[in-house]
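Trainee: Structure provided below as structure tokens; questions to follow.
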Amino acid sequence: MFDVMAFNQYHRLEPVVRPSGTGGQLDEALAARVADPLFLLARQWQLAEFAGEDGGSPVWCEIATESTPLGAFRPSGDGADVPLPKGVPLEFLAEAGGTPGEAERALPLRASARAGRRFLDTLRTQGLSEAALERIDAAVLAKAPLPRPPANPEDDPLRRDPGGRALREVLADRAPDGAALAGHLEGGWRPSGLSGAQQAAFDEAAELWLTWFAERHRPPVPSSWARERLEHRFAVTATLAGRPVTLTAPEYAGGAADAYHFDLDAGTTPLPAPSGGTARGVLPTRVTYPGMPAERWWEFEDARVNLPAVGAGTRDLARLLVVEFANIYGNDHWMIPLELATSALHRISTLSVVDTFEETTALQPAEDGPWSVFRLTNARDGKPGPPLLPLLPTASARLEGTAVEEVLFARDEMANLGFAIERTVQSATGRPRVRADEPPDADPQVPPTDPSWLAYRLLTPVPAHWIPLVPVPLAADSAAVCLRRGQIPRFQADGTRLPQVKAAGRILEPEVKRVFFRDEEIPRSGVTVSRVPVVARGEDGRVFPWVGRRVRAGRGEASSALAFDGAVPPRGDQ
């Protein structure tokens, strides 16, 4: 015999409540009344709520601001002021500046030919006949031809650029030199033998093309690049309460021009108190961040950020302060939305806060002697400056391409020299070209008269893209030194001196006769300077293309293996 087991099947489970005055509902159970108030007091003591301040939370703010527009851009820190154009990104003015004629020298062969072809295409929009266009094309090609190879191959600037030489052969007699053509057209040149209507059409096309060429290839302002310091230096100015205020960027390495790049110079006397501004009411909002401790007791924090797991040593005070702020004082900070205009200096006239106890508190800038919050450094004494908020006309979004030129500044302690190593330069095709792929020079050895003897070598060969930086006195009767761009002599085996190989890029400025760099700007870790194509949109939607410089840390010391007066085994071919 066996027991029969019974199984029950349930479709729905419902709670059975006791009948009460509410008719057997769950209201009394959901109220969760506490019969022991001492439990709540003990819980508050456990969480140290009795040690807290009886302060209310902000529920309303009244704020009034005063604004002053930025008026001028000053390249090189001590240059002449240039009116600050509206809607132009500040990075464009800081990085795209140049000296007169620099744009023509920096324009690669492909870009110059493309600009010249654009002028010929512009002529075809003026309604000229085909016969007139053929005569004008021939005259333009004869007046501004592309550079031709010189008679001596050693004097050819493209002798180490095979892609550039091939492009030059293809474009010969097919496109004019845009850079040279711009100079001729600005001088008033026009082909001879044109009728009055043809001259008017030619002048109109030249005016349209010159406007485009200036916007696309001419620098908008003088250069702010400090060659000796390997950095940009510029400033923006404004007039606040009748006094000049200058924002100076002494060490701008390129990229985004943020407010912390600038120092503030507002004079030697304090600024007058702000006056004016329309007060507006706003709702404050609590500041939140990932991993912030939750306010509710049974709420779990964001698991993506684990602040207690942050490791810090006993001397790592900054990290300890951040962890303490995040865990203890994170919910004590609030923010208020405020719309302000760009390209201006702003300061708060009045700020009052209404809390949950309906108490109004007037707030002042947070400062305590040399300590302050959200202040720019005073350019005169290094202390916190006046409470001014600059909203600079920077590019909100920009695109950067692959570097077209890169130079590594490094020290060679064994040779007691510095070297500027041109890793990549811009080819005539516009693309980056690796200079290490160039064929090396022959090893200059003096063959011995007896094959069993050693050969004499005056100096070891150094790659052509390693440009030496020679220490020279910074000033007369001074122990300080700077680094001057030099050249390593090149010889044949018979002692004949070869032409010097100059720098091929724009960073080392081969057209300048003497180029110096400060000794302290090139540490043992080295410095890398590159030229990067950038494109950005301004506030009005216009597109601004330029090539900007970027400065970052190097890769340590370098070894050129440079040695003099060596006795080496002779080569097998001698």
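We label chains A, B, ... in the order they appear in the structure tokens, count residues from 1 in each chain, and number ligands from 1 in the order shown.
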Using only C-alpha atoms, determine which residues lie at most 12 Å from A:Glu339, disregarding the query and same-chain residues fewer than 5 positions distant; provide the list as number ranges by chain.
Mentor: A: 63-65, 67, 280, 282, 346, 391
Trainee: Could you state the separation of atom CA of A:Ser112 and atom CA of A:Lys502 in Å, given to one decimal place?
Mentor: 22.4 Å
Trainee: Enumerate as a VMD selection string all residues of stretch 31-193 of chain A assigned to helix (DSSP H, G or I) by DSSP on the backbone, naming them with the chain letters and numbers the document uses.
Mentor: chain A and resid 31 37 to 46 90 to 95 102 to 106 109 to 123 130 to 143 153 to 155 162 to 171 178 to 186
Trainee: Determine the nearest neighbour of A:Pro569 from the options A:Ala455, A:Gly87, A:Pro473, A:Glu207, counting only C-alpha atoms.
Mentor: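 Result for the nearest residue to A:Pro569: A:Ala455.
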Trainee: Name the residues in contact with A:Leu408 at a cut-off of 9 Å, using only C-alpha atoms, excluding same-chain residues fewer than 6 positions from it; report them as a list of chain:residue names.
Mentor: A:Phe419, A:Ala420, A:Ile421, A:Glu422, A:Arg423, A:Gly526, A:Val527, A:Thr528, A:Val529, A:Ser530, A:Gly554, A:Arg555
Trainee: Taking the DSSP secondary structure from the backbone, can you list the residues of stretch 334-363 of chain A that are strand (DSSP E), as a PyMOL selection string?
Mentor: chain A and resi 334-335+344-355+360-362
Trainee: Those residues you just picked out, can you put them in a file as an mmCIF file, in the first residue's frame with C-alpha atoms?
Mentor:
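Saved file again.cif follows:
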```cif
data_model
loop_
_atom_site.group_PDB
_atom_site.id
_atom_site.type_symbol
_atom_site.label_atom_id
_atom_site.label_comp_id
_atom_site.auth_asym_id
_atom_site.auth_seq_id
_atom_site.Cartn_x
_atom_site.Cartn_y
_atom_site.Cartn_z
ATOM 1 C CA TRP A 334 24.675 73.226 -6.357
ATOM 2 C CA MET A 335 24.685 74.888 -9.746
ATOM 3 C CA ALA A 344 33.216 88.559 -23.543
ATOM 4 C CA LEU A 345 34.324 88.977 -19.941
ATOM 5 C CA HIS A 346 31.644 88.399 -17.320
ATOM 6 C CA ARG A 347 31.431 89.064 -13.597
ATOM 7 C CA ILE A 348 28.661 88.667 -11.051
ATOM 8 C CA SER A 349 27.165 91.851 -9.675
ATOM 9 C CA THR A 350 24.861 90.305 -7.062
ATOM 10 C CA LEU A 351 23.949 86.756 -6.068
ATOM 11 C CA SER A 352 21.368 85.920 -3.413
ATOM 12 C CA VAL A 353 20.023 82.487 -2.427
ATOM 13 C CA VAL A 354 16.682 81.623 -0.800
ATOM 14 C CA ASP A 355 16.740 78.350 1.188
ATOM 15 C CA THR A 360 17.831 85.007 1.924
ATOM 16 C CA THR A 361 21.641 84.956 1.898
ATOM 17 C CA ALA A 362 23.836 87.242 -0.227
#
```
Trainee: Closest to A:Ala395 among A:Asp263, A:Glu91, A:Asp203, A:Asp173, using only C-alpha atoms?
Mentor: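 Once distances to A:Ala395 are computed over only C-alpha atoms, the minimum belongs to A:Glu91.
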Trainee: Go ahead and compute the interatomic distance for atom CA of A:Ala294 and atom CA of A:Ala326, in Å to one decimal.
Mentor: 11.1 Å
Trainee: Just the number, please: distance in Å from atom CA of A:Pro89 to atom CA of A:Gly178, one decimal.
Mentor: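 If I compute the distance from atom CA of A:Pro89 to atom CA of A:Gly178, I get 26.7 Å.
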Trainee: Using only C-alpha atoms, can you tell me which of A:Gln487, A:Thr211, A:Ser76, A:Ser192 comes closest to A:Lys143?
Mentor: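 When distances to A:Lys143 are compared using only C-alpha atoms, the smallest one comes from A:Ser192.
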